[in-house]
Amino acid sequence: MNKQLKEKLALLPDQPGCYLMKDRQKTVIYVGKAKVLKNRVRSYFTGSHDAKTQRLVTEIEDFEYIVTSSNLEALILEMNLIKKYDPKYNVMLKDDKTYPFIKITHERHPRLIVTRNVKKDKGRYFGPYPNVQAARETKKLLDRLYPLRKCSKLPDRVCLYYHLGQCLAPCVEDISEETNRELVEDITRFLKGGYNEVKKELQAKMTEAAEKLEFERAKEFRDQLAHIESTMEKQKMTMNDLVDRDVFAYAYDKGWMCVQVFFIRQGKLIERDVSMFPMYQEDDEEFLTFIGQFYSKNNHFLPKEILVPDSVDQNMIEQLLDTNVHQPKKGPKKELLMLAHKNAKIALREKFSLIERDEERSIGAAERLGEALNIYTPHRIEAFDNSNIQGTNPVSAMIVFIDGKPNKKEYRKYKIKTVTGPDDYGSMREVVRRRYTRVLRENLPLPDLIIIDGGKGQINAARDVLENELGLDVPIAGLAKDDKHRTSNLLIGDPLEPVFLERNSQEFYLLQRIQDEVHRFAISFHRQIRGKSAFQSVLDDIPGIGEKRKKMLLKHFGSVKKMKEASPDDIKKAGVPAAAAQLLFEKLQK
C-alpha cells in the first residue's frame, strides 16, 4: 500500500456514503456504498480476502468518497455513479437485456404490435414478456380474435388480412371510432386476464351457431377456442389474485451471488431471470444494489408487488422503487420465495466450475502473463498486425483483449496512407503513431501491454514511435511464429529477449488466441479491401465506363476472367460504346 492511500484511510469518516476505487490510470474500477465509510473502505486493505477481492485490491492505487445523509441516499448515489462510470468490477450491473411488450398504438385506427421500447406516446403497453415467443404467440392469437389494422401505412387496397377476417380494412372502409374503441377494450380486457370470459363467450357463440346448423361458423369459434387453450393455458397458474409481481431470492457462496427473479404476470409464472456476479460487500447490500440497478438501468417493468427475502431491508426497497414490497412468512407466496432460493442455490453450484474454468483461461492467464513478463497485470492488451500482398492494398488491424477476453467493440482497422511498397516496418510505425496520437488527444485508456504480431524489426519500429515521438512508456512484446505459422516465441525488453512459457499453460494459450485473432482480423480486412479494388482497378479510368456500366459488365460476363476472354464486339454487345469497349479490351489484355 502506498503512502497516499494510508494517509487517506486514516481520514475516513464514520458516516454513510459511497466510495470510488481507482487504478493507476485514475480509471474508476469499482463503486460501492457503506453504512460506515471508515469501516468498509479500510476492510479492503486489512485481513485476508478471496482471490477475486484480492485482484481488485491489487489494482487500487487511489480512492475517493462521497458522504451522504442516509443509507438510502448512498444506495441511490451508488446507482448513479455506476451508470456514470460503468466500472469493470461492477459486472452484475452491465446486463442491458430488455423484454418485449404488446402495445396497442394510439392512432385513429389502432394497431397491435410487439415492441421493446416503452415510450410516453399514449399507447397501451402490456407485459413485459421475458419469453419473446410468448409475446408473439399471444399477438398472433389476438390478431385472429380481434381484426385491428395491420399495416403501418394505410395502402390503397385491401390486403390478405382482410380476406382472412383479421382486419376491418380501414384503408377502403369507413370504420367508426366506436368500433375501434370496442376492439381496444376487448383486447385490453383479454390481456388483463379476462381471456376466460372470452372463452365463455366463444363457447356460447359456437353452441348457438351449431344449433342454427351454421357449422362453418361454429368451426371458426372452435378453432379460436383451441388457439386460446394452446397459447394461454400452457403455464401453471401460481396465484389466483391475477396480480403482476416479481419474486426475488438469492444465494451466495465462495464470494459469488446468484439472484433468481420469477416474473408472475396475471397469476402465471411466465419466465425467470438469472444473474450471477462476484460479491465485494455484505450479501444484503449487494442485493440492494442489484435490485436498484435491475429496474433503473435495464428498464424492467415495475410490477404492483415485489416479494423479497427476510434478510434485506424492506423499507429501503419500498422507498427506492415506490412499490409494494412484501416478505411473506407462509403460504403460496412464501413457497414461491423458497422455490426461487432453491433455484439460485442450484444455479450457483452448477456454474462454479464453469466460472472457475473461465477465470483460469482469462484473467488468471493475464495475471500469470504479467508475472512472466515482470510487468503489472495486463488487464488491457492491444495487439497489431499488418497485411498486404507484394505491398498492394496495405492495411493494419488492432484488437483489444480486456481481462483475457476479446472486446470487439474496440477493434480498429487502418488503411496505410504514408507507405508505398512492402514495408512492414513503415506500416507499423504509421499505425502505432495514429493509434496512440488519438489515445493521447482524446484521453482514451492506455493499454497495459502492446503486442506486435511480428519480429524484432516491427517491435523496434513501434517502440521508437511510442518512446521517442510520443513519450509513452508502455510495455511492448512481439509474437514470432515458427515455420508452420504457429505461435513460437514471445519477445520483450530492450534489447529484445525471448520469454519462455509452458506450451500447455493458459498464458500461452491466451497469446495464441490474441495472435490468431489479430491475424484473422487483419486478413479479413485486407480481403475486403482487395475484393473491392480488384474489379474497380480494371475498369477505373476508362472513359465511357461509369458505375452503372461496371455493374452491367459484371452482371453480363459474371467475372473479370470471362471479360478478359471477350472480344471488343462481345464487350459492345454488353451495352458499352465501341470506343470504350476497345479501350477496355486493350487494358484487359495488359
# chains A, B, ... in the order shown; residues from 1 in each chain; ligands from 1
$ residues_around --residues "Ile187 of chain A" --least-positions-apart "4" --cutoff "12 Å" --atoms "only C-alpha atoms" --output "VMD selection string"
chain A and resid 102 to 104 110 to 112 124 to 126 138 to 139 141 to 148 180 to 183 191 to 195 197 to 198
$ residues_around --residues "Met316 of chain A" --least-positions-apart "3" --cutoff "9 Å" --atoms "only C-alpha atoms" --output "NGL selection string"
:A and (71-72 or 288 or 312-313 or 319-321)
$ write_last_selection --atoms "C-alpha atoms" --output "tab-separated table (two decimals), in the first residue's frame"
chain	number	residue	atom	x	y	z
A	71	ASN	CA	-28.18	4.65	3.64
A	72	LEU	CA	-30.94	5.21	1.08
A	288	LEU	CA	-29.97	-3.89	-2.67
A	312	VAL	CA	-32.99	-7.50	3.24
A	313	ASP	CA	-34.30	-4.06	4.24
A	319	GLN	CA	-38.63	3.88	-0.75
A	320	LEU	CA	-36.23	3.18	-3.60
A	321	LEU	CA	-38.76	1.66	-6.03
$ closest_residue --among "A:Arg429, A:Lys555, A:Lys3, A:Arg157" --to "Gln458 of chain A" --atoms "only C-alpha atoms"
A:Arg429
$ closest_residue --among "A:Ile29, A:Val439, A:Val419, A:Ala251" --to "Phe287 of chain A" --atoms "only C-alpha atoms"
A:Ala251
$ residues_around --residues "Glu173 of chain A" --least-positions-apart "6" --cutoff "12 Å" --atoms "only C-alpha atoms" --output "VMD selection string"
chain A and resid 109 149 154 to 158 162 167
$ residues_around --residues "Asn80 of chain A" --least-positions-apart "3" --cutoff "12 Å" --atoms "only C-alpha atoms" --output "list in words"
Cys18, Val31, Gly32, Lys33, Glu73, Ala74, Leu75, Ile76, Leu77, Lys83, Lys84, Tyr85, Asp86, Pro87, Leu93, Thr289, Gly292, Gln293, Ser296 and Lys297 of chain A
$ select_by_dssp --residues "segment 84-295 of chain A" --states "strand (DSSP E or B)" --output "PyMOL selection string"
chain A and resi 101-104+111-115+124-126+149+237+245-253+256-265+268-278
$ write_last_selection --atoms "C-alpha atoms" --output "PDB file, in the first residue's frame"
ATOM      1  CA  PHE A 101     -44.285  -5.660 -24.580  1.00  0.00           C
ATOM      2  CA  ILE A 102     -47.532  -5.984 -26.511  1.00  0.00           C
ATOM      3  CA  LYS A 103     -48.655  -2.486 -27.463  1.00  0.00           C
ATOM      4  CA  ILE A 104     -51.941  -1.049 -28.718  1.00  0.00           C
ATOM      5  CA  ARG A 111     -52.549  -1.437 -34.386  1.00  0.00           C
ATOM      6  CA  LEU A 112     -51.339  -4.280 -32.200  1.00  0.00           C
ATOM      7  CA  ILE A 113     -47.539  -4.655 -32.191  1.00  0.00           C
ATOM      8  CA  VAL A 114     -44.722  -6.287 -30.206  1.00  0.00           C
ATOM      9  CA  THR A 115     -42.080  -3.766 -29.100  1.00  0.00           C
ATOM     10  CA  ARG A 124     -51.244   0.958 -24.112  1.00  0.00           C
ATOM     11  CA  TYR A 125     -48.460  -1.440 -23.078  1.00  0.00           C
ATOM     12  CA  PHE A 126     -48.907  -4.947 -21.671  1.00  0.00           C
ATOM     13  CA  ARG A 149     -55.499  -2.750 -38.655  1.00  0.00           C
ATOM     14  CA  MET A 237     -51.338 -20.963 -12.504  1.00  0.00           C
ATOM     15  CA  ARG A 245     -45.434  -9.456  -9.199  1.00  0.00           C
ATOM     16  CA  ASP A 246     -41.699 -10.172  -9.276  1.00  0.00           C
ATOM     17  CA  VAL A 247     -40.215 -12.670  -6.820  1.00  0.00           C
ATOM     18  CA  PHE A 248     -36.558 -12.153  -5.800  1.00  0.00           C
ATOM     19  CA  ALA A 249     -34.366 -14.639  -3.952  1.00  0.00           C
ATOM     20  CA  TYR A 250     -30.622 -15.108  -3.774  1.00  0.00           C
ATOM     21  CA  ALA A 251     -27.904 -17.487  -2.682  1.00  0.00           C
ATOM     22  CA  TYR A 252     -24.206 -16.846  -2.175  1.00  0.00           C
ATOM     23  CA  ASP A 253     -21.077 -18.912  -1.712  1.00  0.00           C
ATOM     24  CA  TRP A 256     -20.297 -15.125  -5.570  1.00  0.00           C
ATOM     25  CA  MET A 257     -24.006 -14.303  -5.559  1.00  0.00           C
ATOM     26  CA  CYS A 258     -26.807 -15.687  -7.714  1.00  0.00           C
ATOM     27  CA  VAL A 259     -30.125 -13.824  -7.876  1.00  0.00           C
ATOM     28  CA  GLN A 260     -33.216 -15.530  -9.264  1.00  0.00           C
ATOM     29  CA  VAL A 261     -36.200 -13.420 -10.344  1.00  0.00           C
ATOM     30  CA  PHE A 262     -39.556 -15.055 -11.076  1.00  0.00           C
ATOM     31  CA  PHE A 263     -41.869 -12.970 -13.267  1.00  0.00           C
ATOM     32  CA  ILE A 264     -45.515 -13.515 -12.307  1.00  0.00           C
ATOM     33  CA  ARG A 265     -47.944 -11.993 -14.794  1.00  0.00           C
ATOM     34  CA  LYS A 268     -48.796 -17.087 -14.065  1.00  0.00           C
ATOM     35  CA  LEU A 269     -45.093 -17.790 -13.747  1.00  0.00           C
ATOM     36  CA  ILE A 270     -44.120 -16.809 -17.282  1.00  0.00           C
ATOM     37  CA  GLU A 271     -40.309 -16.656 -17.064  1.00  0.00           C
ATOM     38  CA  ARG A 272     -37.314 -16.257 -14.804  1.00  0.00           C
ATOM     39  CA  ASP A 273     -34.134 -14.180 -14.865  1.00  0.00           C
ATOM     40  CA  VAL A 274     -30.814 -15.491 -13.520  1.00  0.00           C
ATOM     41  CA  SER A 275     -27.917 -13.174 -12.640  1.00  0.00           C
ATOM     42  CA  MET A 276     -24.585 -14.264 -11.204  1.00  0.00           C
ATOM     43  CA  PHE A 277     -21.797 -11.948 -10.089  1.00  0.00           C
ATOM     44  CA  PRO A 278     -18.882 -11.594  -7.620  1.00  0.00           C
TER      45      PRO A 278
END
$ residues_around --residues "Ala366 of chain A" --least-positions-apart "6" --cutoff "8 Å" --atoms "only C-alpha atoms" --output "PDB file with all heavy atoms, in the first residue's frame"
ATOM      1  N   THR A 377      -0.140  -6.623 -14.062  1.00  0.00           N
ATOM      2  CA  THR A 377      -1.096  -7.499 -14.756  1.00  0.00           C
ATOM      3  C   THR A 377      -1.680  -6.772 -15.964  1.00  0.00           C
ATOM      4  O   THR A 377      -2.249  -5.685 -15.818  1.00  0.00           O
ATOM      5  CB  THR A 377      -2.242  -7.906 -13.812  1.00  0.00           C
ATOM      6  OG1 THR A 377      -1.713  -8.642 -12.714  1.00  0.00           O
ATOM      7  CG2 THR A 377      -3.263  -8.772 -14.552  1.00  0.00           C
ATOM      8  N   PRO A 378      -1.507  -7.327 -17.162  1.00  0.00           N
ATOM      9  CA  PRO A 378      -2.004  -6.646 -18.374  1.00  0.00           C
ATOM     10  C   PRO A 378      -3.516  -6.831 -18.529  1.00  0.00           C
ATOM     11  O   PRO A 378      -3.979  -7.688 -19.298  1.00  0.00           O
ATOM     12  CB  PRO A 378      -1.229  -7.335 -19.498  1.00  0.00           C
ATOM     13  CG  PRO A 378      -0.919  -8.697 -18.972  1.00  0.00           C
ATOM     14  CD  PRO A 378      -0.757  -8.553 -17.487  1.00  0.00           C
ATOM     15  N   HIS A 379      -4.279  -6.041 -17.801  1.00  0.00           N
ATOM     16  CA  HIS A 379      -5.740  -6.135 -17.910  1.00  0.00           C
ATOM     17  C   HIS A 379      -6.199  -5.734 -19.309  1.00  0.00           C
ATOM     18  O   HIS A 379      -7.149  -6.301 -19.826  1.00  0.00           O
ATOM     19  CB  HIS A 379      -6.403  -5.243 -16.859  1.00  0.00           C
ATOM     20  CG  HIS A 379      -6.149  -5.691 -15.463  1.00  0.00           C
ATOM     21  ND1 HIS A 379      -6.809  -6.764 -14.891  1.00  0.00           N
ATOM     22  CD2 HIS A 379      -5.285  -5.235 -14.510  1.00  0.00           C
ATOM     23  CE1 HIS A 379      -6.377  -6.935 -13.654  1.00  0.00           C
ATOM     24  NE2 HIS A 379      -5.455  -6.025 -13.396  1.00  0.00           N
ATOM     25  N   ASP A 403      -8.969  -8.265 -19.710  1.00  0.00           N
ATOM     26  CA  ASP A 403      -9.005  -9.371 -18.751  1.00  0.00           C
ATOM     27  C   ASP A 403      -9.078 -10.719 -19.461  1.00  0.00           C
ATOM     28  O   ASP A 403      -9.856 -11.609 -19.085  1.00  0.00           O
ATOM     29  CB  ASP A 403     -10.173  -9.214 -17.771  1.00  0.00           C
ATOM     30  CG  ASP A 403      -9.920  -8.119 -16.756  1.00  0.00           C
ATOM     31  OD1 ASP A 403      -8.735  -7.840 -16.480  1.00  0.00           O
ATOM     32  OD2 ASP A 403     -10.885  -7.522 -16.251  1.00  0.00           O
ATOM     33  N   GLY A 404      -8.281 -10.854 -20.519  1.00  0.00           N
ATOM     34  CA  GLY A 404      -8.155 -12.129 -21.201  1.00  0.00           C
ATOM     35  C   GLY A 404      -9.256 -12.452 -22.184  1.00  0.00           C
ATOM     36  O   GLY A 404      -9.292 -13.553 -22.728  1.00  0.00           O
ATOM     37  N   GLU A 507      -1.522 -19.054 -20.061  1.00  0.00           N
ATOM     38  CA  GLU A 507      -0.975 -17.791 -20.574  1.00  0.00           C
ATOM     39  C   GLU A 507      -0.473 -17.950 -22.013  1.00  0.00           C
ATOM     40  O   GLU A 507      -0.594 -17.025 -22.832  1.00  0.00           O
ATOM     41  CB  GLU A 507       0.118 -17.249 -19.657  1.00  0.00           C
ATOM     42  CG  GLU A 507       1.206 -18.241 -19.288  1.00  0.00           C
ATOM     43  CD  GLU A 507       0.924 -19.005 -18.023  1.00  0.00           C
ATOM     44  OE1 GLU A 507      -0.258 -19.329 -17.743  1.00  0.00           O
ATOM     45  OE2 GLU A 507       1.895 -19.300 -17.298  1.00  0.00           O
ATOM     46  N   LEU A 510      -3.504 -17.995 -24.155  1.00  0.00           N
ATOM     47  CA  LEU A 510      -4.014 -16.624 -24.311  1.00  0.00           C
ATOM     48  C   LEU A 510      -3.275 -15.907 -25.429  1.00  0.00           C
ATOM     49  O   LEU A 510      -3.887 -15.240 -26.280  1.00  0.00           O
ATOM     50  CB  LEU A 510      -3.865 -15.862 -22.993  1.00  0.00           C
ATOM     51  CG  LEU A 510      -4.187 -14.364 -23.024  1.00  0.00           C
ATOM     52  CD1 LEU A 510      -5.621 -14.113 -23.457  1.00  0.00           C
ATOM     53  CD2 LEU A 510      -3.913 -13.713 -21.662  1.00  0.00           C
TER      54      LEU A 510
END
$ atom_distance --atom1 "atom CA of Met279 of chain A" --atom2 "atom CA of Pro16 of chain A"
19.4 Å
$ atom_distance --atom1 "atom CA of Lys405 of chain A" --atom2 "atom CA of Ile451 of chain A"
14.7 Å
$ residues_around --residues "Asn39 of chain A" --least-positions-apart "4" --cutoff "12 Å" --atoms "only C-alpha atoms" --output "list in words"
Leu9, Ala10, Leu11, Leu12, Pro13, Asp14, Gln15, Pro16, Gly17, Tyr19, Lys33, Ala34, Lys35, Ser43, Tyr44, Phe45, Thr46 and Gln281 of chain A
$ closest_residue --among "A:Glu565, A:Glu285, A:Asp570, A:Asp448" --to "Ile375 of chain A" --atoms "only C-alpha atoms"
A:Asp448
$ residues_around --residues "segment 367-372 of chain A" --least-positions-apart "3" --cutoff "12 Å" --atoms "only C-alpha atoms" --output "VMD selection string"
chain A and resid 51 to 52 55 58 to 59 359 to 364 375 to 381 402 to 404 448 to 449 475 477 490 to 492 498 to 502 505 to 511
$ select_by_dssp --residues "segment 342-572 of chain A" --states "alpha helix (DSSP H)" --output "ChimeraX atom specification"
/A:342-361,363-373,424-441,456-464,506-539,547-557,560-564,568-572
$ atom_distance --atom1 "atom CA of Lys22 of chain A" --atom2 "atom CA of Asp50 of chain A"
19.7 Å
$ closest_residue --among "A:Gln512, A:Thr105, A:Ser152, A:Ser311" --to "Glu282 of chain A" --atoms "only C-alpha atoms"
A:Ser311
